[in-house]
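Colleague: Please find coords_14.txt (compact mmCIF, C-alpha atoms) on the next line:
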# COMPACT_ATOMS: atom_id res chain seq x y z
CA MET A 839 -14.54 19.06 -22.20
CA THR A 840 -17.68 19.62 -24.28
CA LEU A 841 -20.33 22.19 -23.51
CA ILE A 842 -22.78 19.41 -22.57
CA ASN A 843 -20.33 17.97 -20.06
CA ARG A 844 -19.71 21.41 -18.58
CA VAL A 845 -23.45 21.92 -18.12
CA LEU A 846 -23.73 18.47 -16.55
CA VAL A 847 -20.97 19.24 -14.06
CA TYR A 848 -22.50 22.60 -13.23
CA THR A 849 -25.93 21.02 -12.68
CA LEU A 850 -24.53 18.32 -10.42
CA VAL A 851 -22.63 20.84 -8.33
CA LEU A 852 -25.78 22.95 -7.96
CA LEU A 853 -27.64 19.83 -6.86
CA LEU A 854 -25.02 19.18 -4.21
CA THR A 855 -24.72 22.75 -2.92
CA ALA A 856 -28.49 23.17 -2.77
CA CYS A 857 -28.66 20.47 -0.10
CA ALA A 858 -27.86 22.01 3.27
CA ILE A 859 -25.59 19.97 5.51
CA THR A 860 -27.45 19.42 8.76
CA PRO A 861 -26.15 17.61 11.85
CA THR A 862 -28.63 14.76 11.40
CA GLU A 863 -27.26 14.02 7.95
CA ARG A 864 -23.67 13.63 9.09
CA LYS A 865 -22.15 10.16 9.14
CA GLU A 866 -18.96 8.85 10.62
CA ILE A 867 -16.57 8.22 7.75
CA VAL A 868 -12.91 7.44 7.38
CA VAL A 869 -11.08 10.69 6.70
CA SER A 870 -8.27 10.26 4.18
CA PRO A 871 -4.92 11.26 5.65
CA ASP A 872 -2.34 13.43 3.91
CA LEU A 873 -0.21 10.56 2.57
CA THR A 874 2.57 12.89 1.40
CA ALA A 875 2.97 14.28 4.90
CA LEU A 876 3.03 10.79 6.39
CA GLU A 877 5.70 9.62 3.97
CA THR A 878 7.97 12.68 4.27
CA GLY A 879 7.41 13.45 7.94
CA LEU A 880 6.56 17.05 7.03
CA PRO A 881 3.53 18.88 8.48
CA PRO A 882 0.37 18.34 6.41
CA GLU A 883 -0.55 21.02 3.89
CA GLN A 884 -2.95 23.67 5.12
CA PRO A 885 -6.05 24.60 3.08
CA GLU A 886 -5.59 28.26 4.03
CA LYS A 887 -2.40 28.30 1.95
CA PHE A 888 -4.32 27.44 -1.22
CA ILE A 889 -7.17 29.80 -0.40
CA ALA A 890 -4.60 32.61 -0.25
CA LEU A 891 -3.07 31.50 -3.54
CA ALA A 892 -6.55 31.46 -5.13
CA GLN A 893 -7.08 35.06 -4.08
CA GLN A 894 -3.87 36.06 -5.89
CA THR A 895 -4.60 34.29 -9.20
CA VAL A 896 -7.27 34.00 -11.86
CA SER A 897 -8.98 31.03 -13.52
CA PRO A 898 -8.05 28.35 -14.38
CA GLU A 899 -5.15 28.45 -11.89
CA LYS A 900 -7.43 29.94 -9.23
CA ASP A 901 -9.85 27.04 -9.64
CA ARG A 902 -7.09 24.48 -9.13
CA HIS A 903 -6.10 26.15 -5.83
CA LEU A 904 -9.73 26.20 -4.67
CA ALA A 905 -10.10 22.52 -5.53
CA LYS A 906 -6.96 21.68 -3.56
CA ALA A 907 -8.22 23.63 -0.55
CA ALA A 908 -11.54 21.78 -0.75
CA GLU A 909 -9.72 18.45 -0.89
CA LEU A 910 -7.74 19.25 2.27
CA PHE A 911 -10.92 20.29 4.07
CA ILE A 912 -12.59 17.02 3.05
CA ASN A 913 -9.63 15.04 4.40
CA ARG A 914 -10.32 16.71 7.75
CA GLY A 915 -14.05 16.00 7.59
CA MET A 916 -14.84 19.73 7.22
CA PHE A 917 -17.44 19.34 4.49
CA GLU A 918 -19.13 22.73 4.79
CA ALA A 919 -15.80 24.51 4.36
CA ALA A 920 -14.96 22.28 1.39
CA GLN A 921 -18.32 23.01 -0.21
CA GLN A 922 -17.73 26.75 0.12
CA GLN A 923 -14.50 26.46 -1.87
CA LEU A 924 -16.13 24.45 -4.65
CA GLN A 925 -18.91 27.01 -4.99
CA GLN A 926 -16.30 29.61 -5.93
CA ILE A 927 -14.94 27.63 -8.88
CA SER A 928 -15.80 29.18 -12.25
CA VAL A 929 -17.21 26.18 -14.13
CA GLU A 930 -17.27 28.14 -17.41
CA TYR A 931 -13.52 28.81 -17.34
CA ALA A 932 -12.15 25.78 -15.48
CA ASP A 933 -10.06 23.31 -17.47
CA ALA A 934 -11.07 19.67 -18.00
CA ASP A 935 -8.89 18.32 -15.18
CA THR A 936 -10.37 20.77 -12.68
CA LEU A 937 -13.93 19.90 -13.73
CA THR A 938 -13.17 16.20 -13.24
CA ARG A 939 -11.71 17.00 -9.84
CA LEU A 940 -14.81 19.02 -9.05
CA GLN A 941 -17.05 16.02 -9.69
CA ILE A 942 -14.92 13.74 -7.53
CA LEU A 943 -14.71 16.20 -4.64
CA SER A 944 -18.46 16.86 -4.82
CA ALA A 945 -19.05 13.12 -4.61
CA ARG A 946 -16.79 12.87 -1.56
CA ILE A 947 -18.76 15.63 0.14
CA ALA A 948 -22.04 13.87 -0.64
CA LEU A 949 -20.65 10.61 0.73
CA GLY A 950 -19.28 12.28 3.84
CA THR A 951 -22.62 13.97 4.60
CA GLY A 952 -24.67 10.78 4.37
CA LYS A 953 -25.87 11.01 0.75
CA PRO A 954 -24.38 7.90 -0.92
CA ARG A 955 -26.88 7.81 -3.80
CA GLN A 956 -26.09 11.43 -4.66
CA ALA A 957 -22.39 10.54 -4.62
CA LEU A 958 -23.04 7.77 -7.15
CA ASN A 959 -24.94 10.17 -9.43
CA LEU A 960 -22.01 12.58 -9.37
CA LEU A 961 -19.52 9.99 -10.58
CA ASN A 962 -20.55 9.62 -14.23
CA PHE A 963 -17.72 10.42 -16.65
CA SER A 964 -17.77 10.45 -20.44
CA GLN A 965 -13.98 10.32 -20.75
CA ILE A 966 -11.46 7.65 -19.74
CA LEU A 967 -9.75 8.68 -16.53
CA PRO A 968 -6.09 8.13 -15.61
CA VAL A 969 -5.48 4.97 -13.59
CA GLN A 970 -5.01 6.77 -10.28
CA LEU A 971 -8.29 8.63 -10.71
CA GLN A 972 -10.02 5.40 -11.71
CA ILE A 973 -8.91 3.89 -8.41
CA GLU A 974 -10.07 6.93 -6.44
CA VAL A 975 -13.46 7.01 -8.16
CA SER A 976 -13.92 3.26 -7.68
CA GLU A 977 -13.09 3.62 -3.99
CA ILE A 978 -15.78 6.29 -3.59
CA ARG A 979 -18.30 4.27 -5.60
CA ALA A 980 -17.69 1.12 -3.57
CA THR A 981 -18.12 2.98 -0.28
CA ALA A 982 -21.25 4.70 -1.58
CA PHE A 983 -22.78 1.39 -2.67
CA LEU A 984 -22.07 -0.10 0.74
CA ASN A 985 -23.51 2.90 2.62
CA ALA A 986 -26.59 2.80 0.38
CA GLY A 987 -27.20 -0.85 1.29
CA TYR A 988 -25.84 -2.61 -1.80
CA PRO A 989 -22.92 -4.76 -0.56
CA LEU A 990 -22.84 -6.85 -3.75
CA GLU A 991 -22.38 -3.78 -5.95
CA ALA A 992 -19.66 -2.58 -3.57
CA ALA A 993 -17.85 -5.91 -3.92
CA LYS A 994 -18.24 -5.85 -7.72
CA THR A 995 -16.72 -2.38 -7.90
CA ARG A 996 -13.75 -3.38 -5.79
CA VAL A 997 -13.13 -6.55 -7.78
CA GLN A 998 -13.05 -4.46 -10.98
CA MET A 999 -10.56 -1.98 -9.51
CA ASP A 1000 -8.30 -4.65 -8.01
CA SER A 1001 -6.28 -5.14 -11.19
CA LEU A 1002 -5.46 -1.40 -11.22
CA ILE A 1003 -3.86 -1.43 -7.76
CA THR A 1004 -0.12 -2.09 -7.65
CA ASP A 1005 0.64 -1.20 -4.03
CA GLU A 1006 0.52 -4.41 -1.96
CA THR A 1007 -0.78 -2.69 1.17
CA LEU A 1008 -3.65 -1.05 -0.73
CA LYS A 1009 -4.39 -4.34 -2.50
CA ALA A 1010 -4.60 -6.18 0.82
CA HIS A 1011 -6.97 -3.50 2.12
CA ASN A 1012 -9.10 -3.86 -1.01
CA HIS A 1013 -9.31 -7.63 -0.54
CA GLN A 1014 -10.36 -7.24 3.07
CA THR A 1015 -13.06 -4.74 2.09
CA ILE A 1016 -14.37 -7.07 -0.65
CA TRP A 1017 -14.62 -9.76 1.97
CA GLU A 1018 -16.43 -7.54 4.47
CA ALA A 1019 -19.00 -6.52 1.83
CA LEU A 1020 -19.73 -10.11 0.77
CA SER A 1021 -19.96 -11.18 4.41
CA LEU A 1022 -23.07 -8.98 4.69
CA LEU A 1023 -24.93 -11.14 2.16
CA PRO A 1024 -27.08 -14.01 3.46
CA THR A 1025 -26.33 -17.58 2.38
CA THR A 1026 -29.45 -17.70 0.18
CA THR A 1027 -28.23 -14.73 -1.84
CA LEU A 1028 -24.73 -16.21 -2.16
CA ASN A 1029 -26.26 -19.47 -3.44
CA GLN A 1030 -28.28 -17.58 -6.05
CA LEU A 1031 -25.24 -15.63 -7.20
CA THR A 1032 -23.18 -18.74 -7.89
CA GLU A 1033 -25.72 -19.62 -10.58
CA ALA A 1034 -25.41 -16.20 -12.24
CA PRO A 1035 -23.04 -15.42 -15.15
CA LEU A 1036 -20.43 -13.50 -13.15
CA HIS A 1037 -16.79 -12.66 -13.75
CA THR A 1038 -14.54 -15.52 -12.60
CA GLU A 1039 -12.75 -13.43 -9.99
CA LEU A 1040 -15.99 -12.19 -8.42
CA LEU A 1041 -17.44 -15.69 -8.51
CA GLY A 1042 -14.34 -16.93 -6.67
CA TRP A 1043 -14.90 -14.41 -3.89
CA ILE A 1044 -18.56 -15.41 -3.63
CA GLU A 1045 -17.70 -19.12 -3.48
CA LEU A 1046 -15.16 -18.38 -0.74
CA ALA A 1047 -17.82 -16.45 1.19
CA LYS A 1048 -20.06 -19.53 0.96
CA VAL A 1049 -17.26 -21.68 2.37
CA ALA A 1050 -16.88 -19.28 5.30
CA LYS A 1051 -20.63 -19.23 5.95
CA LEU A 1052 -20.62 -23.02 6.10
CA GLY A 1053 -17.61 -22.87 8.40
CA GLN A 1054 -19.63 -20.84 10.88
CA ILE A 1055 -22.00 -23.75 11.47
CA ASP A 1056 -19.75 -26.67 10.55
CA TRP A 1057 -16.24 -25.57 11.46
CA GLN A 1058 -14.69 -29.02 11.01
CA HIS A 1059 -15.20 -28.76 7.26
CA LEU A 1060 -13.80 -25.23 6.94
CA GLN A 1061 -10.25 -26.26 6.13
CA GLU A 1062 -11.46 -28.88 3.66
CA GLY A 1063 -13.67 -26.28 2.00
CA ILE A 1064 -10.74 -23.86 1.65
CA ILE A 1065 -8.55 -26.59 0.13
CA ASN A 1066 -11.23 -27.47 -2.44
CA TRP A 1067 -11.73 -23.79 -3.21
CA ARG A 1068 -8.01 -23.34 -3.88
CA LYS A 1069 -8.10 -26.22 -6.34
CA ARG A 1070 -10.93 -24.55 -8.26
CA TYR A 1071 -9.39 -21.06 -8.16
CA PRO A 1072 -5.59 -21.58 -8.05
CA LYS A 1073 -4.80 -18.14 -9.52
CA HIS A 1074 -7.39 -16.16 -7.60
CA PRO A 1075 -6.05 -13.08 -5.71
CA ALA A 1076 -7.27 -14.58 -2.43
CA SER A 1077 -5.85 -18.06 -3.06
CA GLN A 1078 -2.79 -17.82 -0.80
CA PHE A 1079 -2.34 -15.36 2.02
CA PHE A 1080 -5.98 -14.35 2.41
CA THR A 1081 -7.36 -17.91 2.67
CA GLU A 1082 -4.68 -18.82 5.20
CA GLN A 1083 -5.72 -15.88 7.34
CA LEU A 1084 -9.39 -16.73 6.88
CA GLY A 1085 -9.00 -20.28 8.12
CA GLN A 1086 -6.99 -19.15 11.13
CA LYS A 1087 -9.40 -16.36 12.08
CA GLN A 1088 -12.48 -18.56 11.71
CA ILE A 1089 -11.00 -21.14 14.08
CA GLU A 1090 -9.92 -18.45 16.55
CA LEU A 1091 -13.50 -17.14 16.64
CA LEU A 1092 -14.93 -20.53 17.57
CA ASP A 1093 -16.31 -20.45 21.09
CA HIS A 1094 -19.27 -22.77 21.26
CA PRO A 1095 -21.61 -22.16 24.20
CA SER A 1096 -22.41 -25.16 26.38
CA HIS A 1097 -25.77 -23.86 27.67
CA ILE A 1098 -28.14 -21.67 25.61
CA ALA A 1099 -31.16 -19.97 27.17
CA VAL A 1100 -33.97 -18.87 24.84
CA LEU A 1101 -36.25 -16.08 26.10
CA LEU A 1102 -39.59 -16.12 24.25
CA PRO A 1103 -43.23 -15.12 25.04
CA PHE A 1104 -44.83 -18.58 25.01
CA THR A 1105 -48.00 -17.11 26.57
CA GLY A 1106 -49.92 -14.10 25.32
CA GLN A 1107 -50.50 -12.58 21.88
CA TYR A 1108 -47.10 -13.64 20.46
CA GLN A 1109 -47.24 -17.26 21.56
CA GLN A 1110 -47.65 -18.58 18.00
CA ALA A 1111 -44.61 -16.64 16.78
CA ALA A 1112 -42.63 -17.85 19.81
CA ALA A 1113 -43.62 -21.46 19.07
CA ALA A 1114 -42.51 -21.09 15.44
CA ILE A 1115 -39.11 -19.72 16.52
CA ARG A 1116 -38.72 -22.56 19.06
CA ASP A 1117 -39.53 -25.18 16.42
CA GLY A 1118 -37.06 -23.60 13.99
CA LEU A 1119 -34.30 -23.60 16.60
CA MET A 1120 -34.87 -27.22 17.50
CA ALA A 1121 -35.01 -28.26 13.83
CA ALA A 1122 -31.62 -26.62 13.27
CA TYR A 1123 -30.36 -28.22 16.48
CA TYR A 1124 -31.09 -31.75 15.33
CA GLN A 1125 -29.99 -31.13 11.73
CA HIS A 1126 -26.62 -29.62 12.69
CA PRO A 1127 -23.89 -31.55 10.82
CA ASP A 1128 -21.57 -31.66 13.84
CA ILE A 1129 -23.28 -34.34 15.92
CA THR A 1130 -20.58 -34.08 18.59
CA TYR A 1131 -21.82 -30.62 19.53
CA ARG A 1132 -25.08 -30.69 21.47
CA PRO A 1133 -25.37 -27.73 23.88
CA LYS A 1134 -28.03 -27.68 26.58
CA ILE A 1135 -31.01 -25.53 25.55
CA THR A 1136 -33.41 -24.01 28.09
CA PHE A 1137 -36.59 -22.22 27.02
CA ILE A 1138 -37.89 -19.52 29.38
CA ASP A 1139 -41.36 -17.98 29.01
CA THR A 1140 -41.15 -14.18 29.18
CA GLY A 1141 -44.94 -13.77 29.11
CA GLU A 1142 -46.64 -10.55 28.11
CA ASN A 1143 -44.80 -8.15 30.42
CA PRO A 1144 -41.68 -6.89 28.62
CA LEU A 1145 -40.68 -4.83 31.68
CA ALA A 1146 -39.94 -8.05 33.56
CA ILE A 1147 -37.21 -9.02 31.08
CA TRP A 1148 -34.41 -8.49 33.60
CA ASN A 1149 -35.96 -11.11 35.93
CA HIS A 1150 -35.95 -13.66 33.10
CA TYR A 1151 -32.46 -12.68 32.00
CA HIS A 1152 -31.01 -13.10 35.50
CA LYS A 1153 -32.82 -16.42 35.82
CA ALA A 1154 -31.11 -17.62 32.63
CA THR A 1155 -27.63 -16.64 33.81
CA GLU A 1156 -28.21 -18.09 37.28
CA MET A 1157 -29.09 -21.39 35.61
CA GLY A 1158 -25.65 -21.35 33.99
CA ALA A 1159 -26.50 -20.15 30.47
CA ASP A 1160 -23.41 -18.82 28.68
CA PHE A 1161 -25.41 -17.60 25.65
CA VAL A 1162 -28.90 -16.06 25.47
CA ILE A 1163 -31.27 -15.87 22.50
CA GLY A 1164 -34.06 -13.31 22.85
CA PRO A 1165 -36.03 -11.43 23.95
CA PHE A 1166 -38.62 -10.96 21.22
CA ALA A 1167 -40.47 -7.76 22.19
CA LYS A 1168 -38.92 -4.45 21.06
CA THR A 1169 -39.52 -2.84 24.47
CA ALA A 1170 -37.73 -5.74 26.19
CA VAL A 1171 -34.76 -5.38 23.83
CA SER A 1172 -34.69 -1.64 24.54
CA SER A 1173 -34.56 -2.40 28.25
CA LEU A 1174 -31.49 -4.64 27.84
CA ALA A 1175 -29.85 -2.01 25.63
CA GLN A 1176 -29.96 0.56 28.45
CA THR A 1177 -27.05 -1.11 30.24
CA SER A 1178 -23.40 -0.81 29.19
CA GLN A 1179 -22.64 -4.53 29.40
CA LEU A 1180 -24.53 -7.82 29.60
CA ASP A 1181 -23.26 -10.82 31.52
CA VAL A 1182 -23.16 -13.21 28.55
CA PRO A 1183 -23.39 -12.84 24.74
CA THR A 1184 -27.03 -12.14 23.89
CA LEU A 1185 -28.68 -12.35 20.47
CA THR A 1186 -31.99 -10.48 20.52
CA LEU A 1187 -34.79 -11.21 18.07
CA ASN A 1188 -35.71 -7.57 17.52
CA TYR A 1189 -34.11 -4.12 17.52
CA ALA A 1190 -33.96 -1.61 20.37
CA GLN A 1191 -35.81 1.67 20.03
CA ASP A 1192 -33.54 4.71 19.67
CA GLN A 1193 -30.45 3.07 21.13
CA VAL A 1194 -27.76 5.71 21.63
CA ASN A 1195 -25.08 3.81 23.54
CA ILE A 1196 -23.21 0.59 22.80
CA THR A 1197 -23.96 -2.41 24.99
CA GLU A 1198 -21.17 -4.97 25.18
CA ASN A 1199 -22.28 -8.57 24.54
CA LEU A 1200 -25.54 -7.39 22.92
CA PHE A 1201 -26.19 -8.40 19.29
CA GLN A 1202 -29.45 -7.30 17.68
CA PHE A 1203 -31.14 -9.35 14.97
CA GLY A 1204 -34.57 -8.91 13.45
CA LEU A 1205 -36.78 -9.75 10.51
CA LEU A 1206 -38.34 -6.36 9.96
CA PRO A 1207 -40.45 -5.70 6.83
CA GLU A 1208 -38.07 -2.90 5.81
CA ASP A 1209 -35.14 -5.35 5.96
CA GLU A 1210 -36.94 -7.71 3.60
CA ALA A 1211 -37.93 -4.79 1.34
CA ARG A 1212 -34.28 -3.74 1.16
CA GLN A 1213 -33.26 -7.27 0.10
CA VAL A 1214 -35.98 -7.34 -2.57
CA ALA A 1215 -34.86 -3.94 -3.86
CA GLU A 1216 -31.25 -5.08 -4.03
CA MET A 1217 -32.22 -8.22 -5.96
CA ALA A 1218 -34.32 -6.16 -8.38
CA TYR A 1219 -31.43 -3.73 -8.85
CA ARG A 1220 -29.06 -6.60 -9.66
CA GLN A 1221 -31.50 -7.98 -12.23
CA GLY A 1222 -31.98 -4.61 -13.92
I need this file expressed as structure tokens, please.

Modeller:
Amino acid sequence: MTLINRVLVYTLVLLLTACAITPTERKEIVVSPDLTALETGLPPEQPEKFIALAQQTVSPEKDRHLAKAAELFINRGMFEAAQQQLQQISVEYADADTLTRLQILSARIALGTGKPRQALNLLNFSQILPVQLQIEVSEIRATAFLNAGYPLEAAKTRVQMDSLITDETLKAHNHQTIWEALSLLPTTTLNQLTEAPLHTELLGWIELAKVAKLGQIDWQHLQEGIINWRKRYPKHPASQFFTEQLGQKQIELLDHPSHIAVLLPFTGQYQQAAAAIRDGLMAAYYQHPDITYRPKITFIDTGENPLAIWNHYHKATEMGADFVIGPFAKTAVSSLAQTSQLDVPTLTLNYAQDQVNITENLFQFGLLPEDEARQVAEMAYRQG
């Protein structure tokens, strides 16, 4: 490794270690298991073993032991302990493989402590990596992109790495994760992407995501859409098993409500916004392609007192509503979010304030300015 690359690695590690790991920065992540232990049935390796070996050796062997100890700590989610081991590595004397490992482990620490953009910055390599390391780096990059709010870039990364994966279980996991990332994109974005000059495999995934989005509102055409998609992409990785599962799962998820109650403030300062939402709902109601499905819709005025939301909610359920849309006010949503479970599935039109517990049957949806800014930023990033 050249002197410039060594300096780059050293700088990136300093950048990482300079950032203290505080409790508020921690994120829940999937901790990688010790696969060797799972396969052999032996106890997992202990980081203390490699720390002891490091104390008995000198660089570059010492650095390899420290890196291994750090890796085992990371697998356990013990990022501070892992960082302490990496700080002891002598960058000036470490060999090229250890320096590469140092970058990857530093990126995993950044990702595990809620710094996905820092993780991405740490994963720049001037040399061609072995296939297994390419897969590992791509996995970290994809997760970092997703955590940073760029689901399209996460999907792109996983599509690129898919050809490197030979294990069928890992390949199936990769396909599922591609799908989950693309499912986060709105239909408008998916439509725009189909007009872009994308790799055929990625375009196939995007087209399939469009089919699934249509299936959510017009389920009768889902199977037809999958059949047409298979004709267009007969050799696509998702063309057989995945699409069969998709069609089955989409149909299993179908549970159309027969009576929808909509809680909106038709009087007071938000009455114009409430009227616009009502008009949009009714326009979609009459334009729905499945004319055989016409649920009963009841609009309930929640007025200007958000604290009375429970009275309106109970009124809706007593009237027989099996699905609720609303409320609109943030304080009203926060009030519903205080309970552990709601009677019927409820789609709010705002987010709760500082929600700390999970409320069953509560789904929060909003059109906040920061959400729109994030979408604009993602589109600008895609377009360079």

Colleague: How far is it from CA of Ala1076 (chain A) to CA of Lys1009 (chain A), in Å with one decimal?

Modeller: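 For CA of Ala1076 (chain A) relative to CA of Lys1009 (chain A), the distance reads 10.6 Å.
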
Colleague: Go through A:Ser1178, A:Thr1136, A:Asn1143, A:Gln1030 one by one, measure the shortest atom-to-atom distance of each to Ile1163 (chain A) using only C-alpha atoms, and give the residue with the smallest value.

Modeller: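 So, comparing all the options, the nearest one is A:Thr1136.
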
Colleague: Rounded to one decimal in Å, what is the spacing between CA of Asn1199 (chain A) and CA of Leu1028 (chain A)?

Modeller: 27.9 Å

Colleague: One decimal, Å: what's the distance from CA of Gly987 (chain A) over to CA of Asp1000 (chain A), could you say?

Modeller: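 Separation of CA of Gly987 (chain A) and CA of Asp1000 (chain A): 21.4 Å.
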
Colleague: Show me the residues around (-15.0, -18.3, -2.9) - criterion: an atom at most 10 Å away, all atoms listed in the file counted - as a ChimeraX atom specification.

Modeller: /A:1017,1028,1032,1039-1050,1063-1064,1066-1068,1070-1071,1074,1076-1077,1081

Colleague: Mind checking which residues fall within 10 Å of His1094 (chain A), counting all atoms listed in the file, ignoring those fewer than 5 positions away in the same chain, and posting them as a list in words?

Modeller: Tyr1131, Arg1132, Pro1133, Asp1160 and Phe1161 of chain A

Colleague: Check the smallest atom-to-atom distance from each of A:Gln998, A:Gln926, A:Asn959, A:Asn1188 to Arg902 (chain A) using only C-alpha atoms, then report the winner.

Modeller: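 Checking each of A:Gln998, A:Gln926, A:Asn959, A:Asn1188 against Arg902 (chain A), counting only C-alpha atoms, the winner is A:Gln926.
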
Colleague: Determine, counting all atoms listed in the file, which protein, DNA and RNA residues have an atom within 9 Å of an atom of region 1173-1177 of chain A; residues of the same chain fewer than 3 positions away are not included. Present the result as a PyMOL selection string.

Modeller: chain A and resi 1144-1145+1147-1148+1168-1170+1180+1190-1191+1193-1198+1200

Colleague: Nearest to Ala1099 (chain A) among A:Thr1186, A:Thr1025, A:Gln1014, A:Thr1007, with distances taken over all atoms listed in the file: which residue is it?

Modeller: A:Thr1186

Colleague: Compare A:Leu961, A:Ile889, A:Val896, A:Val1100 by their minimum atom-to-atom distance to Leu940 (chain A), counting only C-alpha atoms, and give me the closest one.

Modeller: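 Of all the options, A:Leu961 lies closest to Leu940 (chain A).
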
Colleague: Taking all atoms listed in the file into account, name the residue in A:Pro968, A:Gly915, A:Pro885, A:Gly1158 that is nearest to His903 (chain A).

Modeller: A:Pro885

Colleague: Go through A:Thr1155, A:Asp1139, A:Leu990, A:Leu958 one by one, measure the shortest atom-to-atom distance of each to Pro1024 (chain A) using only C-alpha atoms, and give the residue with the smallest value.

Modeller: A:Leu990

Colleague: Would you kindly return, as JSON, numbers by chain, each protein, DNA or RNA residue with an atom no farther than 9 Å from any atom of Thr1140 (chain A), considering only C-alpha atoms and excluding same-chain residues fewer than 3 positions away?

Modeller: {"A": [1101, 1102, 1103, 1104, 1105, 1143, 1144, 1146, 1147, 1150, 1165, 1166]}

Colleague: Could N, CA, C and O atoms be built for region 901-914 of chain A and written out as a compact mmCIF listing (two decimals), keeping the file's coordinate frame?

Modeller:
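Printed below is out_17.txt as written:
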# COMPACT_ATOMS: atom_id res chain seq x y z
N ASP A 901 -8.95 28.16 -9.88
CA ASP A 901 -9.85 27.04 -9.64
C ASP A 901 -9.09 25.82 -9.12
O ASP A 901 -9.60 25.08 -8.28
N ARG A 902 -7.88 25.61 -9.61
CA ARG A 902 -7.09 24.48 -9.13
C ARG A 902 -6.73 24.67 -7.65
O ARG A 902 -6.74 23.70 -6.88
N HIS A 903 -6.42 25.89 -7.24
CA HIS A 903 -6.10 26.15 -5.83
C HIS A 903 -7.34 25.93 -4.95
O HIS A 903 -7.24 25.38 -3.85
N LEU A 904 -8.48 26.38 -5.44
CA LEU A 904 -9.73 26.20 -4.67
C LEU A 904 -10.06 24.71 -4.52
O LEU A 904 -10.49 24.26 -3.45
N ALA A 905 -9.85 23.95 -5.59
CA ALA A 905 -10.10 22.52 -5.53
C ALA A 905 -9.17 21.83 -4.53
O ALA A 905 -9.59 20.95 -3.78
N LYS A 906 -7.91 22.25 -4.51
CA LYS A 906 -6.96 21.68 -3.56
C LYS A 906 -7.35 22.01 -2.13
O LYS A 906 -7.28 21.16 -1.23
N ALA A 907 -7.77 23.25 -1.89
CA ALA A 907 -8.22 23.63 -0.55
C ALA A 907 -9.42 22.80 -0.13
O ALA A 907 -9.50 22.33 1.03
N ALA A 908 -10.36 22.59 -1.05
CA ALA A 908 -11.54 21.78 -0.75
C ALA A 908 -11.14 20.35 -0.40
O ALA A 908 -11.67 19.74 0.53
N GLU A 909 -10.18 19.81 -1.15
CA GLU A 909 -9.72 18.45 -0.89
C GLU A 909 -9.13 18.32 0.52
O GLU A 909 -9.40 17.35 1.24
N LEU A 910 -8.34 19.29 0.94
CA LEU A 910 -7.74 19.25 2.27
C LEU A 910 -8.80 19.38 3.36
O LEU A 910 -8.70 18.74 4.41
N PHE A 911 -9.82 20.19 3.11
CA PHE A 911 -10.92 20.29 4.07
C PHE A 911 -11.67 18.95 4.17
O PHE A 911 -12.05 18.52 5.27
N ILE A 912 -11.90 18.30 3.05
CA ILE A 912 -12.59 17.02 3.05
C ILE A 912 -11.80 15.98 3.84
O ILE A 912 -12.37 15.19 4.60
N ASN A 913 -10.47 15.99 3.65
CA ASN A 913 -9.63 15.04 4.40
C ASN A 913 -9.76 15.22 5.90
O ASN A 913 -9.54 14.28 6.66
N ARG A 914 -10.13 16.43 6.32
CA ARG A 914 -10.32 16.71 7.75
C ARG A 914 -11.76 16.50 8.19
O ARG A 914 -12.09 16.69 9.36
